[in-house]
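Asker: You'll find model.cif just under this line, and it carries mmCIF, C-alpha atoms.
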data_final
loop_
_atom_site.group_PDB
_atom_site.id
_atom_site.type_symbol
_atom_site.label_atom_id
_atom_site.label_comp_id
_atom_site.auth_asym_id
_atom_site.auth_seq_id
_atom_site.Cartn_x
_atom_site.Cartn_y
_atom_site.Cartn_z
ATOM 1 C CA MET F 565 -7.786 -6.973 -16.450
ATOM 2 C CA LEU F 566 -6.876 -4.306 -13.901
ATOM 3 C CA PRO F 567 -6.253 -5.788 -10.438
ATOM 4 C CA LEU F 568 -6.512 -3.344 -7.563
ATOM 5 C CA TYR F 569 -3.039 -4.321 -6.344
ATOM 6 C CA PRO F 570 -0.677 -1.426 -7.127
ATOM 7 C CA GLN F 571 2.456 -3.459 -6.330
ATOM 8 C CA TYR F 572 2.955 -6.751 -8.168
ATOM 9 C CA SER F 573 3.275 -9.979 -6.210
ATOM 10 C CA ALA F 574 2.859 -13.612 -7.125
ATOM 11 C CA THR F 575 0.638 -13.903 -4.036
ATOM 12 C CA THR F 576 -1.842 -11.276 -5.248
ATOM 13 C CA THR F 577 -1.638 -10.035 -8.838
ATOM 14 C CA ALA F 578 -0.560 -13.405 -10.216
ATOM 15 C CA SER F 579 -3.445 -15.115 -8.410
ATOM 16 C CA VAL F 580 -5.825 -12.943 -10.446
ATOM 17 C CA VAL F 581 -4.036 -13.991 -13.636
ATOM 18 C CA ASP F 582 -4.333 -17.640 -12.559
ATOM 19 C CA ASP F 583 -8.094 -17.342 -12.053
ATOM 20 C CA VAL F 584 -8.688 -15.505 -15.326
ATOM 21 C CA THR F 585 -6.640 -17.960 -17.374
ATOM 22 C CA ALA F 586 -8.350 -20.897 -15.630
ATOM 23 C CA TRP F 587 -11.675 -19.415 -16.716
ATOM 24 C CA ALA F 588 -10.348 -18.875 -20.270
ATOM 25 C CA ARG F 589 -9.354 -22.540 -20.582
ATOM 26 C CA ARG F 590 -13.006 -23.495 -20.139
ATOM 27 C CA GLN F 591 -14.318 -21.172 -22.850
ATOM 28 C CA ARG F 592 -14.895 -21.838 -26.539
ATOM 29 C CA ARG F 593 -14.366 -18.153 -27.187
ATOM 30 C CA PHE F 594 -12.872 -15.543 -24.947
ATOM 31 C CA PRO F 595 -11.921 -11.884 -25.439
ATOM 32 C CA GLU F 596 -8.405 -10.708 -26.109
ATOM 33 C CA LEU F 597 -6.790 -10.290 -22.733
ATOM 34 C CA ARG F 598 -4.405 -7.712 -21.389
ATOM 35 C CA PHE F 599 -3.208 -7.659 -17.781
ATOM 36 C CA VAL F 600 -2.050 -4.555 -15.930
ATOM 37 C CA ASN F 601 0.622 -6.098 -13.733
ATOM 38 C CA SER F 602 1.629 -3.079 -11.679
ATOM 39 C CA TYR F 603 1.166 0.654 -11.315
ATOM 40 C CA HIS F 604 3.166 1.180 -8.123
ATOM 41 C CA ASP F 605 5.024 4.153 -9.615
ATOM 42 C CA HIS F 606 2.325 5.582 -11.863
ATOM 43 C CA PRO F 607 2.167 9.384 -11.405
ATOM 44 C CA ALA F 608 -1.638 9.363 -11.048
ATOM 45 C CA TYR F 609 -1.498 6.754 -8.260
ATOM 46 C CA ILE F 610 1.269 8.611 -6.420
ATOM 47 C CA ASP F 611 -0.587 11.900 -6.815
ATOM 48 C CA ALA F 612 -3.791 10.391 -5.410
ATOM 49 C CA LEU F 613 -1.866 9.112 -2.377
ATOM 50 C CA ALA F 614 -0.208 12.485 -1.855
ATOM 51 C CA GLN F 615 -3.539 14.293 -2.100
ATOM 52 C CA SER F 616 -5.047 11.977 0.524
ATOM 53 C CA VAL F 617 -2.189 12.676 2.953
ATOM 54 C CA ARG F 618 -2.345 16.438 2.395
ATOM 55 C CA ALA F 619 -6.119 16.413 2.942
ATOM 56 C CA HIS F 620 -5.595 14.480 6.176
ATOM 57 C CA TRP F 621 -2.989 16.983 7.354
ATOM 58 C CA ALA F 622 -5.324 19.863 6.522
ATOM 59 C CA ARG F 623 -8.076 18.286 8.641
ATOM 60 C CA GLU F 624 -5.759 17.410 11.526
ATOM 61 C CA GLY F 625 -3.763 20.622 11.719
ATOM 62 C CA GLY F 626 -0.548 19.381 10.141
ATOM 63 C CA PRO F 627 1.611 16.254 10.049
ATOM 64 C CA ALA F 628 2.357 14.052 13.040
ATOM 65 C CA GLU F 629 5.907 13.261 14.150
ATOM 66 C CA GLN F 630 6.071 10.246 11.833
ATOM 67 C CA LEU F 631 4.243 8.998 8.755
ATOM 68 C CA VAL F 632 4.088 5.196 8.891
ATOM 69 C CA MET F 633 3.371 3.479 5.570
ATOM 70 C CA SER F 634 2.253 -0.077 6.241
ATOM 71 C CA PHE F 635 2.193 -2.492 3.303
ATOM 72 C CA HIS F 636 0.862 -6.036 3.317
ATOM 73 C CA GLY F 637 3.657 -8.486 4.034
ATOM 74 C CA ILE F 638 4.753 -11.579 2.132
ATOM 75 C CA PRO F 639 7.254 -14.299 3.070
ATOM 76 C CA GLU F 640 10.843 -13.111 2.664
ATOM 77 C CA ARG F 641 11.553 -16.283 0.693
ATOM 78 C CA ASN F 642 9.275 -15.031 -2.094
ATOM 79 C CA VAL F 643 11.540 -12.023 -2.625
ATOM 80 C CA ARG F 644 14.631 -14.219 -2.753
ATOM 81 C CA LEU F 645 12.892 -16.243 -5.481
ATOM 82 C CA GLY F 646 12.411 -13.112 -7.585
ATOM 83 C CA ASP F 647 9.138 -11.506 -6.466
ATOM 84 C CA PRO F 648 9.473 -7.729 -7.072
ATOM 85 C CA TYR F 649 6.911 -6.810 -4.414
ATOM 86 C CA GLN F 650 9.256 -5.423 -1.757
ATOM 87 C CA ALA F 651 11.155 -3.283 -4.265
ATOM 88 C CA GLU F 652 7.891 -1.901 -5.658
ATOM 89 C CA CYS F 653 6.606 -1.057 -2.161
ATOM 90 C CA LEU F 654 9.819 0.826 -1.406
ATOM 91 C CA THR F 655 9.561 2.681 -4.721
ATOM 92 C CA THR F 656 5.984 3.723 -3.920
ATOM 93 C CA ALA F 657 7.089 4.959 -0.495
ATOM 94 C CA ARG F 658 10.029 6.880 -1.946
ATOM 95 C CA LEU F 659 7.933 8.584 -4.615
ATOM 96 C CA LEU F 660 5.187 9.452 -2.132
ATOM 97 C CA THR F 661 7.534 10.944 0.450
ATOM 98 C CA GLU F 662 9.304 12.913 -2.278
ATOM 99 C CA ALA F 663 5.942 14.285 -3.412
ATOM 100 C CA LEU F 664 5.168 15.253 0.192
ATOM 101 C CA GLY F 665 8.611 16.755 0.776
ATOM 102 C CA LEU F 666 9.382 14.519 3.767
ATOM 103 C CA ALA F 667 12.897 13.944 5.044
ATOM 104 C CA PRO F 668 14.049 10.360 5.813
ATOM 105 C CA HIS F 669 13.623 10.835 9.567
ATOM 106 C CA GLN F 670 9.951 11.763 9.109
ATOM 107 C CA PHE F 671 8.620 8.422 7.826
ATOM 108 C CA ARG F 672 8.797 4.645 8.237
ATOM 109 C CA VAL F 673 7.961 1.758 5.899
ATOM 110 C CA THR F 674 6.593 -1.385 7.572
ATOM 111 C CA PHE F 675 4.851 -4.636 6.635
ATOM 112 C CA GLN F 676 1.726 -6.094 8.228
ATOM 113 C CA SER F 677 -0.300 -9.350 8.238
ATOM 114 C CA ARG F 678 2.377 -11.909 9.105
ATOM 115 C CA PHE F 679 1.217 -15.560 9.245
ATOM 116 C CA GLY F 680 2.949 -18.768 10.316
ATOM 117 C CA LYS F 681 6.513 -19.302 11.499
ATOM 118 C CA ALA F 682 8.393 -18.307 8.334
ATOM 119 C CA LYS F 683 10.221 -14.999 8.254
ATOM 120 C CA TRP F 684 8.215 -12.325 6.474
ATOM 121 C CA LEU F 685 9.230 -8.914 5.195
ATOM 122 C CA GLU F 686 10.438 -6.639 7.953
ATOM 123 C CA PRO F 687 10.106 -4.398 9.824
ATOM 124 C CA TYR F 688 6.744 -5.634 11.107
ATOM 125 C CA THR F 689 4.135 -2.913 11.594
ATOM 126 C CA GLU F 690 2.819 -3.490 15.109
ATOM 127 C CA PRO F 691 6.194 -4.150 16.813
ATOM 128 C CA THR F 692 7.580 -1.061 15.066
ATOM 129 C CA LEU F 693 4.743 1.108 16.378
ATOM 130 C CA ILE F 694 5.246 -0.263 19.891
ATOM 131 C CA ALA F 695 8.975 0.463 19.735
ATOM 132 C CA MET F 696 8.291 3.967 18.439
ATOM 133 C CA ALA F 697 5.921 4.701 21.317
ATOM 134 C CA GLN F 698 8.354 3.294 23.868
ATOM 135 C CA GLY F 699 11.101 5.403 22.288
ATOM 136 C CA GLY F 700 9.204 8.638 22.767
ATOM 137 C CA THR F 701 7.173 9.097 19.583
ATOM 138 C CA ARG F 702 3.828 10.475 20.676
ATOM 139 C CA ARG F 703 1.918 11.160 17.455
ATOM 140 C CA VAL F 704 1.826 9.091 14.276
ATOM 141 C CA ASP F 705 0.008 9.233 10.961
ATOM 142 C CA VAL F 706 -0.529 5.708 9.609
ATOM 143 C CA MET F 707 -1.576 4.742 6.092
ATOM 144 C CA CYS F 708 -1.710 1.584 3.955
ATOM 145 C CA PRO F 709 -0.665 2.587 0.407
ATOM 146 C CA GLY F 710 -0.785 -0.976 -0.927
ATOM 147 C CA PHE F 711 -4.535 -1.181 -0.352
ATOM 148 C CA THR F 712 -6.592 0.941 -2.718
ATOM 149 C CA GLY F 713 -9.734 0.288 -0.657
ATOM 150 C CA ASP F 714 -10.240 -0.073 3.076
ATOM 151 C CA CYS F 715 -10.904 -3.600 4.330
ATOM 152 C CA LEU F 716 -10.502 -5.737 7.454
ATOM 153 C CA GLU F 717 -6.730 -5.579 7.144
ATOM 154 C CA THR F 718 -6.756 -1.786 7.299
ATOM 155 C CA LEU F 719 -9.798 -1.022 9.450
ATOM 156 C CA GLU F 720 -9.327 -3.771 12.045
ATOM 157 C CA GLU F 721 -5.677 -4.819 11.922
ATOM 158 C CA ILE F 722 -4.300 -1.284 11.612
ATOM 159 C CA ASN F 723 -6.927 1.203 12.773
ATOM 160 C CA MET F 724 -7.992 -0.936 15.753
ATOM 161 C CA GLU F 725 -5.300 -3.457 16.746
ATOM 162 C CA ALA F 726 -2.212 -1.439 15.803
ATOM 163 C CA ARG F 727 -3.813 1.693 17.265
ATOM 164 C CA GLU F 728 -4.388 -0.048 20.583
ATOM 165 C CA ALA F 729 -0.829 -1.403 20.643
ATOM 166 C CA PHE F 730 0.689 2.047 19.989
ATOM 167 C CA LEU F 731 -1.430 3.806 22.598
ATOM 168 C CA HIS F 732 -0.915 1.057 25.176
ATOM 169 C CA ALA F 733 2.866 1.367 24.693
ATOM 170 C CA GLY F 734 2.806 5.063 25.551
ATOM 171 C CA GLY F 735 1.800 6.784 22.304
ATOM 172 C CA GLN F 736 -0.666 9.626 22.629
ATOM 173 C CA GLU F 737 -2.237 10.055 19.188
ATOM 174 C CA PHE F 738 -2.709 7.508 16.388
ATOM 175 C CA ARG F 739 -4.176 9.082 13.246
ATOM 176 C CA TYR F 740 -5.254 6.672 10.525
ATOM 177 C CA ILE F 741 -5.304 7.965 6.934
ATOM 178 C CA PRO F 742 -8.036 6.133 4.980
ATOM 179 C CA CYS F 743 -7.234 4.270 1.777
ATOM 180 C CA LEU F 744 -7.944 5.900 -1.564
ATOM 181 C CA ASN F 745 -11.374 4.237 -1.779
ATOM 182 C CA ASP F 746 -13.641 6.296 -4.089
ATOM 183 C CA SER F 747 -11.804 9.609 -3.806
ATOM 184 C CA ASN F 748 -12.014 11.782 -6.898
ATOM 185 C CA ALA F 749 -8.236 11.822 -7.331
ATOM 186 C CA TRP F 750 -8.033 8.034 -7.282
ATOM 187 C CA ILE F 751 -10.983 7.418 -9.611
ATOM 188 C CA THR F 752 -9.392 9.878 -12.025
ATOM 189 C CA GLY F 753 -6.047 8.125 -11.642
ATOM 190 C CA LEU F 754 -7.564 4.679 -12.117
ATOM 191 C CA SER F 755 -9.228 5.960 -15.281
ATOM 192 C CA GLN F 756 -5.901 7.252 -16.571
ATOM 193 C CA ILE F 757 -4.196 3.911 -15.900
ATOM 194 C CA ALA F 758 -6.985 2.026 -17.658
ATOM 195 C CA GLN F 759 -6.997 4.369 -20.666
ATOM 196 C CA GLN F 760 -3.242 4.141 -21.013
ATOM 197 C CA HIS F 761 -3.368 0.357 -21.216
ATOM 198 C CA LEU F 762 -6.447 0.310 -23.433
ATOM 199 C CA GLY F 763 -4.547 2.494 -25.859
ATOM 200 C CA GLY F 764 -1.637 0.096 -26.369
ATOM 201 C CA TRP F 765 1.632 -0.871 -24.761
ATOM 202 C CA PRO F 766 2.727 1.792 -22.264
ATOM 203 C CA VAL F 767 5.831 3.767 -23.172
ATOM 204 C CA ARG F 768 7.440 5.595 -20.239
#
As structure tokens, what does this structure read like?
Answerer:
Amino acid sequence: MLPLYPQYSATTTASVVDDVTAWARRQRRFPELRFVNSYHDHPAYIDALAQSVRAHWAREGGPAEQLVMSFHGIPERNVRLGDPYQAECLTTARLLTEALGLAPHQFRVTFQSRFGKAKWLEPYTEPTLIAMAQGGTRRVDVMCPGFTGDCLETLEEINMEAREAFLHAGGQEFRYIPCLNDSNAWITGLSQIAQQHLGGWPVR
């Protein structure tokens, strides 16, 4: 079982495990199961992300002032209870920016999709983009590394709503970097992750 969630969270990866094991309880016979819990730091995943950013820069004539990496948010309480999600997101961001050769002042890590009144992981994506625009940042590259495929939360929430907020606040150019989707680098990377786990317990 290979969930398309690179960073582990009880709200995402574990929900897949719950559904699979619920199905298994209803079966007379079921296959041997192995779950890939996380690949947030796998070299093939990081390389696919880096290739997507470099390809974007090549198309757009170079990097913007800031690279904003927006991950899906979860309640802060979940992290206090032991969920490794935030730490894995930060590790992904660190490895990606190292691969791209970015200095700390050239990127931001934010969290999107906040619901309800509870405090979620910060900084929040849209308020951060607004503050950046109001502070003089004119051009941003924005990507969502925690999503391996584009969906409503990347195409609408980020590429439409967050774009509008940034431009309305005084930003001049909002450049969205698509998710990995079916890029050759990612399909190759996904294959490598699958083959590694099919071959036995990973040692690295």
Asker: Might you spell out which residues the PyMOL selection byres ((chain F and resi 761) around 12) would select in the displayed file, as a PDB file with C-alpha atoms, keeping the file's coordinate frame?
Answerer:
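Saved result, out14.pdb, follows:
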ATOM      1  CA  MET F 565      -7.786  -6.973 -16.450  1.00  0.00           C
ATOM      2  CA  LEU F 566      -6.876  -4.306 -13.901  1.00  0.00           C
ATOM      3  CA  LEU F 597      -6.790 -10.290 -22.733  1.00  0.00           C
ATOM      4  CA  ARG F 598      -4.405  -7.712 -21.389  1.00  0.00           C
ATOM      5  CA  PHE F 599      -3.208  -7.659 -17.781  1.00  0.00           C
ATOM      6  CA  VAL F 600      -2.050  -4.555 -15.930  1.00  0.00           C
ATOM      7  CA  ASN F 601       0.622  -6.098 -13.733  1.00  0.00           C
ATOM      8  CA  SER F 602       1.629  -3.079 -11.679  1.00  0.00           C
ATOM      9  CA  TYR F 603       1.166   0.654 -11.315  1.00  0.00           C
ATOM     10  CA  LEU F 754      -7.564   4.679 -12.117  1.00  0.00           C
ATOM     11  CA  SER F 755      -9.228   5.960 -15.281  1.00  0.00           C
ATOM     12  CA  GLN F 756      -5.901   7.252 -16.571  1.00  0.00           C
ATOM     13  CA  ILE F 757      -4.196   3.911 -15.900  1.00  0.00           C
ATOM     14  CA  ALA F 758      -6.985   2.026 -17.658  1.00  0.00           C
ATOM     15  CA  GLN F 759      -6.997   4.369 -20.666  1.00  0.00           C
ATOM     16  CA  GLN F 760      -3.242   4.141 -21.013  1.00  0.00           C
ATOM     17  CA  LEU F 762      -6.447   0.310 -23.433  1.00  0.00           C
ATOM     18  CA  GLY F 763      -4.547   2.494 -25.859  1.00  0.00           C
ATOM     19  CA  GLY F 764      -1.637   0.096 -26.369  1.00  0.00           C
ATOM     20  CA  TRP F 765       1.632  -0.871 -24.761  1.00  0.00           C
ATOM     21  CA  PRO F 766       2.727   1.792 -22.264  1.00  0.00           C
ATOM     22  CA  VAL F 767       5.831   3.767 -23.172  1.00  0.00           C
TER      23      VAL F 767
END
Asker: Would you tabulate, counting only C-alpha atoms, all residues of segment 678-703 of chain F that have an atom at most 8 Å from an atom of segment 630-641 of chain F, showing the closest pair of atoms and their distance in Å to one decimal, sorted by chain then ascending number, as a tab-separated table?
Answerer:
residue	atom	partner	partner_atom	distance
F:Arg678	CA	F:Gly637	CA	6.3
F:Ala682	CA	F:Pro639	CA	6.7
F:Lys683	CA	F:Glu640	CA	5.9
F:Trp684	CA	F:Pro639	CA	4.1
F:Leu685	CA	F:Glu640	CA	5.2
F:Thr689	CA	F:Ser634	CA	6.3
F:Thr701	CA	F:Gln630	CA	7.9
F:Arg703	CA	F:Gln630	CA	7.0
Asker: Using all atoms listed in the file for the distances, tell me which of F:Val617, F:Ile751, F:Leu654, F:Ala695 is nearest to Met707 of chain F.
Answerer: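 Among F:Val617, F:Ile751, F:Leu654, F:Ala695, it is F:Val617 that comes nearest to Met707 of chain F.
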Asker: In terms of the shortest atom-to-atom distance over all atoms listed in the file, which of F:Ala749, F:Leu645, F:Cys653, F:Leu693 is closest to Pro607 of chain F?
Answerer: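 Selected residue with least distance to Pro607 of chain F: F:Ala749.
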Asker: For atom CA of Ala697 of chain F and atom CA of Leu731 of chain F, quote the distance in Å rounded to one decimal.
Answerer: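 Between these atoms lies a distance of 7.5 Å.
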Asker: Give the answer as one residue: which of F:Thr576, F:Gln698, F:Asn748, F:Thr661 has the shortest atom-to-atom distance to Gly734 of chain F, using all atoms listed in the file?
Answerer: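 Closest residue, counting all atoms listed in the file: F:Gln698.
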